[in-house]
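Chemist: So here's structure_31.csv (CSV, C-alpha atoms).
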chain,number,residue,atom,x,y,z
G,351,MET,CA,-34.2,-26.7,-21.2
G,352,ALA,CA,-31.8,-24.5,-23.1
G,353,GLY,CA,-32.0,-22.2,-20.0
G,354,SER,CA,-29.9,-24.5,-17.7
G,355,GLN,CA,-27.2,-24.6,-20.4
G,356,ARG,CA,-27.0,-20.9,-20.3
G,357,VAL,CA,-26.9,-20.8,-16.5
G,358,TYR,CA,-24.0,-23.2,-16.5
G,359,ARG,CA,-22.1,-21.3,-19.1
G,360,ALA,CA,-22.5,-18.1,-17.1
G,361,ARG,CA,-21.3,-19.8,-13.9
G,362,ILE,CA,-18.2,-21.2,-15.7
G,363,LYS,CA,-17.4,-17.7,-17.0
G,364,SER,CA,-17.7,-16.0,-13.6
G,365,THR,CA,-15.8,-18.8,-11.9
G,366,GLN,CA,-13.0,-18.5,-14.4
G,367,SER,CA,-12.7,-14.8,-13.8
G,368,LEU,CA,-12.7,-15.4,-10.1
G,369,LYS,CA,-10.0,-17.9,-10.6
G,370,LYS,CA,-7.9,-15.4,-12.4
G,371,ILE,CA,-8.3,-13.0,-9.4
G,372,PHE,CA,-7.3,-15.7,-6.9
G,373,ARG,CA,-4.3,-16.6,-9.0
G,374,ALA,CA,-3.2,-13.0,-9.2
G,375,MET,CA,-3.5,-12.6,-5.4
G,376,GLU,CA,-1.6,-15.7,-4.8
G,377,LEU,CA,1.2,-14.4,-7.0
G,378,ILE,CA,1.2,-11.0,-5.3
G,379,ALA,CA,1.3,-12.6,-1.9
G,380,ALA,CA,4.1,-14.9,-3.0
G,381,SER,CA,6.2,-12.0,-4.3
G,382,ARG,CA,5.6,-9.9,-1.2
G,383,ILE,CA,6.4,-12.7,1.2
G,384,GLY,CA,9.9,-12.6,0.0
G,385,ARG,CA,10.1,-8.9,0.7
G,386,ALA,CA,8.7,-9.3,4.1
G,387,ARG,CA,11.2,-12.0,4.9
G,388,ASP,CA,14.0,-9.9,3.6
G,389,ALA,CA,12.9,-7.0,5.8
G,390,ALA,CA,12.9,-9.4,8.8
G,391,ALA,CA,16.3,-10.6,7.9
G,392,ARG,CA,17.7,-7.1,7.4
G,393,GLN,CA,16.4,-6.1,10.8
G,394,ARG,CA,18.2,-8.9,12.5
G,395,PRO,CA,21.7,-7.4,12.7
G,396,TYR,CA,20.2,-4.3,14.1
G,397,ALA,CA,18.4,-6.3,16.7
G,398,ALA,CA,21.4,-8.4,17.5
G,399,ALA,CA,23.6,-5.3,18.0
G,400,LEU,CA,20.9,-3.8,20.2
G,401,THR,CA,20.6,-6.9,22.3
G,402,ARG,CA,24.3,-7.1,22.7
G,403,ALA,CA,24.6,-3.5,23.7
G,404,VAL,CA,21.7,-3.8,26.2
G,405,SER,CA,23.2,-6.8,27.9
G,406,LEU,CA,26.6,-5.1,27.9
G,407,ALA,CA,25.2,-2.0,29.6
G,408,ALA,CA,23.2,-4.1,32.0
G,409,SER,CA,26.3,-6.0,33.1
G,410,HIS,CA,28.1,-2.8,33.8
G,411,VAL,CA,25.4,-1.1,35.8
G,412,GLY,CA,26.2,-3.3,38.7
G,413,GLU,CA,24.3,-5.8,40.8
G,414,GLU,CA,21.1,-4.0,41.4
G,415,ILE,CA,19.4,-2.9,38.2
G,416,ARG,CA,16.5,-0.6,38.9
G,417,HIS,CA,14.6,0.6,35.9
G,418,PRO,CA,11.0,1.2,35.3
G,419,LEU,CA,10.9,-1.0,32.3
G,420,LEU,CA,12.3,-3.9,34.3
G,421,THR,CA,10.1,-3.6,37.3
G,422,GLU,CA,6.8,-5.2,37.8
G,423,ARG,CA,4.2,-2.7,38.6
G,424,ALA,CA,2.1,-3.6,41.6
G,425,ASP,CA,0.0,-0.4,41.5
G,426,VAL,CA,-1.9,-1.1,38.2
G,427,LYS,CA,-4.0,-4.1,37.7
G,428,ARG,CA,-4.3,-3.5,34.0
G,429,VAL,CA,-2.6,-5.3,31.1
G,430,ALA,CA,-2.1,-4.0,27.6
G,431,LEU,CA,-2.8,-6.6,25.0
G,432,LEU,CA,-1.3,-5.8,21.6
G,433,VAL,CA,-3.0,-7.9,19.0
G,434,MET,CA,-1.4,-8.2,15.5
G,435,ALA,CA,-3.8,-9.3,12.8
G,436,ALA,CA,-4.4,-8.6,9.2
G,437,ASP,CA,-5.9,-5.5,7.4
G,438,ARG,CA,-7.5,-7.6,4.8
G,439,GLY,CA,-9.1,-11.0,4.8
G,440,MET,CA,-8.4,-13.6,2.1
G,441,ALA,CA,-5.8,-15.2,4.3
G,442,GLY,CA,-7.6,-18.2,5.5
G,443,ALA,CA,-7.9,-18.5,9.3
G,444,TYR,CA,-5.0,-16.2,9.9
G,445,THR,CA,-6.9,-13.4,11.7
G,446,ALA,CA,-9.3,-15.8,13.4
G,447,ASN,CA,-6.4,-17.8,14.8
G,448,VAL,CA,-4.7,-14.7,16.3
G,449,LEU,CA,-8.0,-13.4,17.7
G,450,ARG,CA,-8.9,-16.8,19.3
G,451,GLU,CA,-5.5,-16.9,21.0
G,452,ALA,CA,-5.8,-13.3,22.1
G,453,GLU,CA,-9.3,-13.7,23.5
G,454,ALA,CA,-8.4,-16.9,25.3
G,455,HIS,CA,-5.4,-15.1,26.9
G,456,ALA,CA,-7.6,-12.1,27.7
G,457,ALA,CA,-10.1,-14.3,29.5
G,458,GLU,CA,-7.3,-15.9,31.5
G,459,LEU,CA,-6.0,-12.5,32.5
G,460,GLU,CA,-9.4,-11.3,33.5
G,461,GLN,CA,-9.9,-14.4,35.6
G,462,ASP,CA,-6.7,-13.5,37.4
G,463,GLY,CA,-8.2,-10.1,38.2
G,464,PHE,CA,-6.6,-8.1,35.6
G,465,GLN,CA,-8.3,-5.5,33.4
G,466,VAL,CA,-7.4,-5.9,29.7
G,467,ASP,CA,-6.7,-2.9,27.5
G,468,ARG,CA,-6.7,-3.9,23.8
G,469,TYR,CA,-4.4,-2.4,21.3
G,470,VAL,CA,-4.9,-3.6,17.8
G,471,VAL,CA,-2.9,-3.8,14.5
G,472,GLY,CA,-5.0,-4.6,11.5
G,473,ARG,CA,-8.4,-3.6,10.3
G,474,ARG,CA,-9.9,-7.1,10.6
G,475,ALA,CA,-9.1,-7.3,14.3
G,476,LEU,CA,-10.6,-3.9,14.8
G,477,THR,CA,-13.9,-4.7,13.1
G,478,TYR,CA,-14.0,-8.0,15.1
G,479,TYR,CA,-13.9,-6.1,18.3
G,480,GLU,CA,-16.1,-3.2,17.1
G,481,PHE,CA,-18.8,-5.7,16.0
G,482,ARG,CA,-18.8,-7.3,19.5
G,483,GLY,CA,-18.7,-4.0,21.3
G,484,VAL,CA,-15.4,-4.7,22.9
G,485,PRO,CA,-13.5,-1.4,23.5
G,486,VAL,CA,-10.2,-1.0,21.7
G,487,ARG,CA,-7.9,1.6,23.1
G,488,ARG,CA,-5.9,2.3,20.0
G,489,SER,CA,-5.5,0.8,16.6
G,490,TRP,CA,-3.0,1.0,13.8
G,491,LEU,CA,-4.4,0.2,10.4
G,492,GLY,CA,-3.2,-0.1,6.8
G,493,SER,CA,0.3,-1.5,7.2
G,494,SER,CA,-0.2,-5.1,8.5
G,495,ASP,CA,1.4,-6.7,5.4
G,496,SER,CA,4.3,-4.2,5.1
G,497,PRO,CA,5.2,-2.8,8.5
G,498,THR,CA,7.7,0.0,8.7
G,499,PHE,CA,9.9,1.4,11.4
G,500,PRO,CA,7.8,4.5,11.9
G,501,VAL,CA,4.8,2.4,12.7
G,502,ALA,CA,6.7,0.3,15.1
G,503,LYS,CA,8.1,3.5,16.7
G,504,GLU,CA,4.6,4.9,17.2
G,505,ILE,CA,3.3,1.6,18.6
G,506,ALA,CA,6.2,1.3,21.0
G,507,ALA,CA,5.9,5.0,22.0
G,508,THR,CA,2.2,4.6,22.8
G,509,LEU,CA,2.7,1.4,24.8
G,510,LEU,CA,5.8,2.6,26.6
G,511,ASP,CA,3.9,5.7,27.6
G,512,ALA,CA,1.1,3.6,29.0
G,513,PHE,CA,3.5,1.4,30.9
G,514,THR,CA,5.3,4.4,32.4
G,515,ALA,CA,2.2,6.5,33.1
G,516,PRO,CA,1.3,7.2,36.7
G,517,ALA,CA,-1.2,4.8,38.2
G,518,SER,CA,-3.8,7.5,38.2
G,519,ALA,CA,-3.8,7.9,34.4
G,520,ASP,CA,-6.7,6.0,32.8
G,521,ASP,CA,-4.4,4.3,30.3
G,522,ALA,CA,-1.7,3.2,32.7
G,523,VAL,CA,-0.9,-0.5,32.4
G,524,GLY,CA,1.3,-2.8,34.5
G,525,GLN,CA,2.2,-5.3,31.7
G,526,LEU,CA,2.4,-5.5,28.0
G,527,HIS,CA,1.5,-8.8,26.2
G,528,VAL,CA,1.8,-9.2,22.5
G,529,VAL,CA,-0.1,-11.7,20.4
G,530,TYR,CA,1.3,-12.2,17.0
G,531,THR,CA,1.9,-15.0,14.5
G,532,HIS,CA,5.3,-16.5,14.7
G,533,PHE,CA,6.8,-17.2,11.3
G,534,ARG,CA,8.6,-20.5,11.6
G,535,ASN,CA,8.9,-21.2,7.9
G,536,MET,CA,6.8,-21.0,4.8
G,537,VAL,CA,4.5,-23.8,5.8
G,538,SER,CA,4.3,-23.4,9.5
G,539,GLN,CA,3.2,-20.2,11.4
G,540,ALA,CA,1.6,-20.2,14.8
G,541,PRO,CA,0.1,-17.6,17.0
G,542,ARG,CA,2.3,-16.7,19.9
G,543,ILE,CA,1.9,-14.7,23.1
G,544,VAL,CA,4.9,-12.8,24.4
G,545,ARG,CA,5.1,-10.8,27.6
G,546,MET,CA,7.0,-7.8,26.4
G,547,LEU,CA,7.0,-5.6,29.5
G,548,PRO,CA,8.3,-5.6,32.1
G,549,LEU,CA,11.5,-6.8,30.6
G,550,GLU,CA,13.3,-9.5,32.4
G,551,PHE,CA,16.9,-10.0,33.0
G,552,VAL,CA,18.5,-13.4,33.2
G,553,GLU,CA,22.0,-14.1,34.2
G,554,GLU,CA,23.9,-16.2,31.8
G,555,VAL,CA,27.3,-16.4,30.4
G,556,ASP,CA,28.1,-14.5,27.3
G,557,ASP,CA,27.2,-16.9,24.6
G,558,PRO,CA,25.5,-15.6,21.5
G,559,GLU,CA,23.7,-19.0,21.2
G,560,ALA,CA,22.2,-18.4,24.7
G,561,ILE,CA,20.8,-15.1,23.6
G,562,THR,CA,19.0,-16.5,20.7
G,563,VAL,CA,17.6,-19.4,22.7
G,564,VAL,CA,16.3,-17.1,25.4
G,565,GLU,CA,14.7,-14.9,22.8
G,566,GLU,CA,12.6,-17.8,21.8
G,567,ARG,CA,11.0,-18.1,25.2
G,568,ALA,CA,7.6,-16.7,26.0
G,569,THR,CA,8.8,-13.6,27.8
G,570,ALA,CA,11.1,-11.0,26.5
G,571,GLN,CA,14.3,-11.6,28.4
G,572,ILE,CA,17.7,-10.1,28.2
G,573,VAL,CA,20.7,-12.1,28.9
G,574,LYS,CA,23.0,-10.3,31.3
G,575,ALA,CA,26.5,-11.1,30.1
G,576,GLU,CA,29.3,-11.6,32.6
G,577,VAL,CA,32.4,-11.6,30.5
G,578,PHE,CA,32.6,-8.4,28.4
G,579,PRO,CA,35.7,-6.3,28.2
G,580,LEU,CA,35.7,-3.2,30.3
G,581,TYR,CA,33.7,-0.6,28.4
G,582,SER,CA,33.4,3.1,29.0
G,583,PHE,CA,29.9,4.6,28.6
G,584,GLU,CA,28.6,7.9,27.5
G,585,PRO,CA,26.8,9.3,29.4
G,586,SER,CA,26.9,6.5,32.0
G,587,PRO,CA,26.0,2.8,32.1
G,588,ALA,CA,22.6,3.6,33.6
G,589,GLY,CA,22.1,6.4,31.1
G,590,VAL,CA,23.0,4.2,28.2
G,591,LEU,CA,20.6,1.5,29.5
G,592,ASP,CA,17.9,4.2,29.9
G,593,ALA,CA,18.3,5.1,26.2
G,594,LEU,CA,18.6,1.5,25.0
G,595,LEU,CA,15.7,-0.2,26.7
G,596,PRO,CA,13.0,1.7,24.9
G,597,ARG,CA,14.8,1.0,21.6
G,598,TYR,CA,15.0,-2.6,22.5
G,599,VAL,CA,11.3,-2.8,23.1
G,600,ARG,CA,10.7,-1.0,19.8
G,601,SER,CA,13.0,-3.4,18.0
G,602,ARG,CA,11.1,-6.4,19.5
G,603,ILE,CA,7.8,-4.9,18.4
G,604,LEU,CA,9.1,-4.3,14.9
G,605,ASP,CA,10.3,-7.9,14.8
G,606,CYS,CA,6.9,-9.1,15.9
G,607,LEU,CA,5.2,-6.9,13.2
G,608,LEU,CA,7.5,-8.2,10.5
G,609,GLN,CA,7.0,-11.8,11.5
G,610,ALA,CA,3.2,-11.3,11.6
G,611,ALA,CA,3.4,-9.7,8.1
G,612,ALA,CA,5.3,-12.6,6.7
G,613,SER,CA,2.9,-15.0,8.3
G,614,GLU,CA,-0.1,-13.1,7.0
G,615,LEU,CA,1.3,-13.2,3.4
G,616,ALA,CA,2.1,-16.9,3.7
G,617,ASN,CA,-1.4,-17.6,4.9
G,618,ARG,CA,-2.8,-15.5,2.1
G,619,GLN,CA,-0.8,-17.2,-0.5
G,620,ARG,CA,-1.9,-20.6,0.8
G,621,ALA,CA,-5.6,-19.5,1.0
G,622,MET,CA,-5.5,-18.1,-2.5
G,623,HIS,CA,-3.8,-21.2,-3.8
G,624,THR,CA,-6.6,-23.4,-2.4
G,625,ALA,CA,-9.2,-20.9,-3.8
G,626,THR,CA,-7.6,-21.2,-7.2
G,627,GLU,CA,-7.8,-25.0,-7.1
G,628,ASN,CA,-11.4,-24.9,-5.9
G,629,ALA,CA,-12.2,-22.6,-8.8
G,630,GLU,CA,-10.6,-25.1,-11.2
G,631,ASP,CA,-12.7,-27.9,-9.6
G,632,LEU,CA,-15.9,-25.8,-10.0
G,633,VAL,CA,-15.1,-25.0,-13.6
G,634,ARG,CA,-14.6,-28.7,-14.3
G,635,LYS,CA,-17.8,-29.6,-12.5
G,636,TYR,CA,-19.9,-26.9,-14.3
G,637,THR,CA,-18.4,-27.9,-17.7
G,638,ARG,CA,-19.5,-31.4,-17.1
G,639,LEU,CA,-23.0,-30.3,-16.1
G,640,ALA,CA,-23.2,-28.0,-19.1
G,641,ASN,CA,-22.2,-30.8,-21.4
G,642,GLN,CA,-24.9,-33.0,-19.8
G,643,ALA,CA,-27.5,-30.3,-20.2
G,644,ARG,CA,-26.5,-29.9,-23.9
G,645,GLN,CA,-26.7,-33.6,-24.4
G,646,ALA,CA,-30.1,-33.7,-22.7
G,647,ASP,CA,-31.3,-30.8,-24.9
G,648,ILE,CA,-30.1,-32.7,-28.0
G,649,THR,CA,-31.8,-35.9,-26.9
G,650,GLN,CA,-35.0,-34.2,-26.2
G,651,GLU,CA,-34.9,-32.5,-29.6
G,652,ILE,CA,-34.3,-35.8,-31.3
G,653,SER,CA,-37.1,-37.5,-29.4
G,654,GLU,CA,-39.4,-34.6,-30.3
G,655,ILE,CA,-38.6,-34.9,-34.0
G,656,VAL,CA,-38.9,-38.7,-33.9
G,657,SER,CA,-42.2,-38.6,-32.1
G,658,GLY,CA,-43.4,-35.9,-34.4
G,659,ALA,CA,-42.5,-38.0,-37.4
G,660,ASP,CA,-44.1,-41.0,-35.9
G,661,ALA,CA,-47.3,-39.1,-35.2
G,662,LEU,CA,-47.3,-37.9,-38.9
G,663,ALA,CA,-46.7,-41.5,-40.1
G,664,ALA,CA,-49.5,-42.9,-37.9
G,665,GLY,CA,-51.9,-40.2,-39.0
G,666,ARG,CA,-51.5,-41.1,-42.7
I,703,MET,CA,48.8,2.1,10.8
I,704,ALA,CA,45.8,0.6,12.4
I,705,GLU,CA,42.5,1.7,11.0
I,706,LEU,CA,38.9,1.5,12.0
I,707,SER,CA,36.3,-0.7,10.5
I,708,VAL,CA,33.1,1.2,10.5
I,709,GLU,CA,29.6,-0.1,10.0
I,710,VAL,CA,26.5,2.0,10.0
I,711,ALA,CA,23.2,0.2,10.1
I,712,ASP,CA,19.6,0.9,10.8
I,713,TRP,CA,16.5,-1.3,10.9
I,714,GLU,CA,16.5,-1.6,7.1
I,715,GLY,CA,20.0,-3.0,7.0
I,716,GLN,CA,23.5,-1.8,6.4
I,717,VAL,CA,23.8,1.8,5.3
I,718,TRP,CA,27.6,2.1,4.9
I,719,GLN,CA,30.5,-0.1,5.7
I,720,GLY,CA,34.2,0.3,5.2
I,721,PRO,CA,37.6,1.3,6.7
I,722,ALA,CA,38.2,4.7,8.2
I,723,GLY,CA,41.1,6.6,9.7
I,724,PHE,CA,38.9,8.9,11.8
I,725,PHE,CA,35.3,9.0,12.8
I,726,THR,CA,33.0,11.5,14.5
I,727,ALA,CA,29.5,11.1,15.8
I,728,PRO,CA,27.0,13.3,17.5
I,729,SER,CA,26.8,12.0,21.1
I,730,VAL,CA,24.3,13.1,23.7
I,731,GLU,CA,26.9,15.1,25.4
I,732,GLY,CA,28.3,16.9,22.4
I,733,SER,CA,30.4,15.2,19.7
I,734,ILE,CA,32.6,12.2,19.9
I,735,GLY,CA,35.7,11.6,17.8
I,736,ILE,CA,37.3,8.2,17.5
I,737,TYR,CA,40.8,7.3,16.2
I,738,PRO,CA,42.0,3.8,15.9
I,739,ARG,CA,42.9,2.0,19.2
I,740,HIS,CA,40.1,3.7,21.1
I,741,GLU,CA,39.1,2.1,24.3
I,742,PRO,CA,35.8,0.0,24.2
I,743,LEU,CA,32.9,2.4,24.3
I,744,LEU,CA,29.2,2.4,24.2
I,745,ALA,CA,27.7,5.8,23.6
I,746,ILE,CA,24.1,7.1,22.9
I,747,LEU,CA,23.8,9.3,19.9
I,748,ARG,CA,21.4,12.1,19.2
I,749,GLU,CA,20.1,13.3,15.9
I,750,GLY,CA,22.9,14.6,13.7
I,751,ASP,CA,25.6,13.7,11.1
I,752,VAL,CA,28.1,10.9,11.5
I,753,LYS,CA,31.3,11.7,9.6
I,754,ILE,CA,33.6,9.0,8.5
I,755,VAL,CA,37.0,9.9,7.1
I,756,PRO,CA,38.2,7.0,5.0
I,757,PRO,CA,41.9,6.4,4.3
I,758,GLU,CA,41.4,7.9,0.9
I,759,GLY,CA,38.6,9.6,-1.0
I,760,PRO,CA,36.1,12.2,0.3
I,761,ASP,CA,34.4,12.1,3.7
I,762,VAL,CA,31.3,10.1,4.1
I,763,ILE,CA,28.4,11.8,5.9
I,764,VAL,CA,25.5,9.8,7.3
I,765,HIS,CA,22.6,11.5,8.8
I,766,ILE,CA,21.0,9.7,11.7
I,767,THR,CA,18.0,10.4,13.9
I,768,GLY,CA,19.5,8.9,17.0
I,769,GLY,CA,20.8,5.6,18.0
I,770,PHE,CA,23.9,4.3,19.7
I,771,LEU,CA,27.5,3.6,18.9
I,772,SER,CA,29.8,0.8,20.1
I,773,VAL,CA,33.6,0.6,19.7
I,774,ASP,CA,35.4,-2.5,20.4
I,775,SER,CA,38.9,-3.4,19.1
I,776,ASP,CA,38.7,-0.9,16.3
I,777,ILE,CA,35.4,-2.1,15.1
I,778,VAL,CA,32.9,0.7,15.2
I,779,THR,CA,29.3,-0.1,14.9
I,780,VAL,CA,26.7,2.7,14.6
I,781,VAL,CA,23.2,1.4,15.1
I,782,ALA,CA,20.9,4.2,14.1
I,783,ASP,CA,17.1,4.5,14.4
I,784,GLU,CA,17.0,5.8,10.9
I,785,ALA,CA,20.1,6.5,8.8
I,786,ARG,CA,20.4,8.2,5.5
I,787,LEU,CA,23.6,8.4,3.5
I,788,MET,CA,24.2,11.9,2.4
I,789,THR,CA,26.0,12.3,-1.0
I,790,PRO,CA,29.4,13.6,-0.2
I,791,ALA,CA,29.6,17.3,-1.0
I,792,ASN,CA,32.1,18.1,-3.8
Translate this file's structure into structure tokens.
Modeler:
Amino acid sequence: MAGSQRVYRARIKSTQSLKKIFRAMELIAASRIGRARDAAARQRPYAAALTRAVSLAASHVGEEIRHPLLTERADVKRVALLVMAADRGMAGAYTANVLREAEAHAAELEQDGFQVDRYVVGRRALTYYEFRGVPVRRSWLGSSDSPTFPVAKEIAATLLDAFTAPASADDAVGQLHVVYTHFRNMVSQAPRIVRMLPLEFVEEVDDPEAITVVEERATAQIVKAEVFPLYSFEPSPAGVLDALLPRYVRSRILDCLLQAAASELANRQRAMHTATENAEDLVRKYTRLANQARQADITQEISEIVSGADALAAGR
Amino acid sequence: MAELSVEVADWEGQVWQGPAGFFTAPSVEGSIGIYPRHEPLLAILREGDVKIVPPEGPDVIVHITGGFLSVDSDIVTVVADEARLMTPAN
């Protein structure tokens, strides 16, 4: 009987050390989340200036804007799906949610006769696809919780290449869709699908509010402003637009990455908080069981002694 | 005298901000210099050094890897892909 007591004590000990790990991870996630949100906030003026410049250039190009990044490709029936998930687990259903959304979307696209090329950010998503034998064209690992500009640059360059590749190239795509987790606030993050390419222009009056509202819509759209002062351009309005649009895409991808990172960390913090609480519950439960086992041991010992004494008394 | 208000930013945030009397940047077609009261301009920049001449004190040099520049009513905004503030040479 003393055995079960020992087992409970061992479980309490291991659960306690697990609890310490969970707690540490919760704190790490909590401290990093602030950094991720700061990064997203710091990137905002950059993105705003870029958006303004793009819409400014667009409104100076004239009525007909012809640009490969703005034109729907009819020659390629393939869609690039960029999935942003986590490198590590321990973030609750974070990766599962993103993947569910991504696969539902991929199924829809395939039903519409598109071929889906998967591009993946985050090790967890890659192992998910590898396990299921789903081909992944390219993956970026190791920076899902702290994305940097160079990573965004590389992702954007790869996908822009695929989008502008001739139809004969085997990685040419006609559209780019991004699945990431939108960071609304600390308690609410939801997977979101955005059609990033081709970019879409909408005609609206110059109103910074309008730009932000449009950015929230499901496709990446650029507001074409009507009332800007007359600007001069170097090299030319079309040339400026040429140089700005890839940057715009890059900045949007970076924004998605940063939001995904903040969401991942928020999810991890929440998951680790729950795990810590569960560990506490377990410790309490095992302590109770251990006490019970000890009590049972004592009771048994007493009854053994008493019955031994009784037997002795009866034998006299 | 009118002066420029210059801001240099990259994706990590603001790199430098302040007043300037003169400003040069590496544009795709050479180099571009801006004095106060320049006409509104949007220019694409290549990799190179942005030089800001403040009203007083040494020049400020910021190295950028490309980006763009907008000028509007004496407000100069340089949005760089990546920008690094070089310590002013003494």
Chemist: Would you kindly return, as an mmCIF file with C-alpha atoms, in the frame of the given file, each protein, DNA or RNA residue with an atom no farther than 9 Å from any atom of Arg597 of chain G, considering all atoms listed in the file and excluding same-chain residues fewer than 5 positions away?
Modeler:
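The result, written out as selection_32.cif:
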data_model
loop_
_atom_site.group_PDB
_atom_site.id
_atom_site.type_symbol
_atom_site.label_atom_id
_atom_site.label_comp_id
_atom_site.auth_asym_id
_atom_site.auth_seq_id
_atom_site.Cartn_x
_atom_site.Cartn_y
_atom_site.Cartn_z
ATOM 1 C CA LEU G 400 20.900 -3.800 20.200
ATOM 2 C CA LYS G 503 8.100 3.500 16.700
ATOM 3 C CA ALA G 506 6.200 1.300 21.000
ATOM 4 C CA ARG G 602 11.100 -6.400 19.500
ATOM 5 C CA GLY I 769 20.800 5.600 18.000
ATOM 6 C CA ASP I 783 17.100 4.500 14.400
#
Chemist: Calculate how many Å separate atom CA of Asp660 of chain G from atom CA of Asp647 of chain G, rounding to one decimal.
Modeler: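 Taking atom CA of Asp660 of chain G and atom CA of Asp647 of chain G, their separation equals 19.7 Å.
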Chemist: State, in Å with one decimal place, the distance from atom CA of Val717 of chain I to atom CA of Ala386 of chain G.
Modeler: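 Those two atoms sit 18.8 Å apart.
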Chemist: Between atom CA of His417 of chain G and atom CA of Pro516 of chain G, what is the distance in Å, rounded to a tenth?
Modeler: 14.9 Å
Chemist: For chain I, report every residue with an atom at most 9 Å from chain G (counting only C-alpha atoms), formatted as a ChimeraX atom specification.
Modeler: /I:711-716,729-731,741-746,769-770,772-774,779,781-784
Chemist: With a distance cut-off of 7 Å and all atoms listed in the file, select the neighbouring residues of Ile736 of chain I, excluding the residue or stretch itself and same-chain residues fewer than 3 positions from it, and output the selection as a PDB file with C-alpha atoms, in the coordinates of the input.
Modeler:
ATOM      1  CA  PHE I 724      38.900   8.900  11.800  1.00  0.00           C
ATOM      2  CA  PHE I 725      35.300   9.000  12.800  1.00  0.00           C
ATOM      3  CA  THR I 726      33.000  11.500  14.500  1.00  0.00           C
ATOM      4  CA  HIS I 740      40.100   3.700  21.100  1.00  0.00           C
TER       5      HIS I 740
END
Chemist: If you count only C-alpha atoms, which residues fall within 6 Å of Arg428 of chain G, apart from same-chain ones fewer than 5 positions away, as a list in words?
Modeler: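 The filter keeps Phe464, Gln465, Val466, Val523 and Gly524 of chain G.
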Chemist: Rank G:Ala475, G:Ala588, G:Val537, G:Val411 by their smallest atom-to-atom distance to Gln619 of chain G, using only C-alpha atoms, and report the top residue only.
Modeler: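 Counting only C-alpha atoms, the residue closest to Gln619 of chain G is G:Val537.
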Chemist: I need the residue nearest Ile543 of chain G from this list: G:Arg423, G:Ala446, G:Thr365, G:Met434. Use only C-alpha atoms for the distance.
Modeler: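 Counting only C-alpha atoms, the residue closest to Ile543 of chain G is G:Met434.
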Chemist: Measuring between all atoms listed in the file, which one of I:Ile777, I:Trp718, I:Gly750, I:Glu758 shows the shortest distance to Ser733 of chain I?
Modeler: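 Among I:Ile777, I:Trp718, I:Gly750, I:Glu758, it is I:Gly750 that comes nearest to Ser733 of chain I.
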Chemist: Could you pull segment 727-746 of chain I out of the structure I just pasted and write it to a file containing C-alpha atoms, as a compact mmCIF listing (two decimals), in the first residue's frame?
Modeler:
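Listed below is the output, result14.txt:
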# COMPACT_ATOMS: atom_id res chain seq x y z
CA ALA I 727 18.96 61.57 -51.86
CA PRO I 728 20.11 58.97 -54.38
CA SER I 729 17.33 58.78 -56.97
CA VAL I 730 17.12 56.17 -59.70
CA GLU I 731 18.20 58.74 -62.25
CA GLY I 732 21.15 60.14 -60.36
CA SER I 733 20.94 62.29 -57.30
CA ILE I 734 18.21 64.60 -56.18
CA GLY I 735 18.68 67.72 -54.10
CA ILE I 736 15.86 69.49 -52.36
CA TYR I 737 15.67 72.99 -50.97
CA PRO I 738 12.66 74.40 -49.15
CA ARG I 739 9.66 75.25 -51.34
CA HIS I 740 10.28 72.41 -53.70
CA GLU I 741 7.34 71.34 -55.82
CA PRO I 742 5.46 68.22 -54.71
CA LEU I 743 7.50 65.22 -55.77
CA LEU I 744 7.44 61.48 -55.59
CA ALA I 745 10.74 59.83 -56.46
CA ILE I 746 12.05 56.29 -56.35
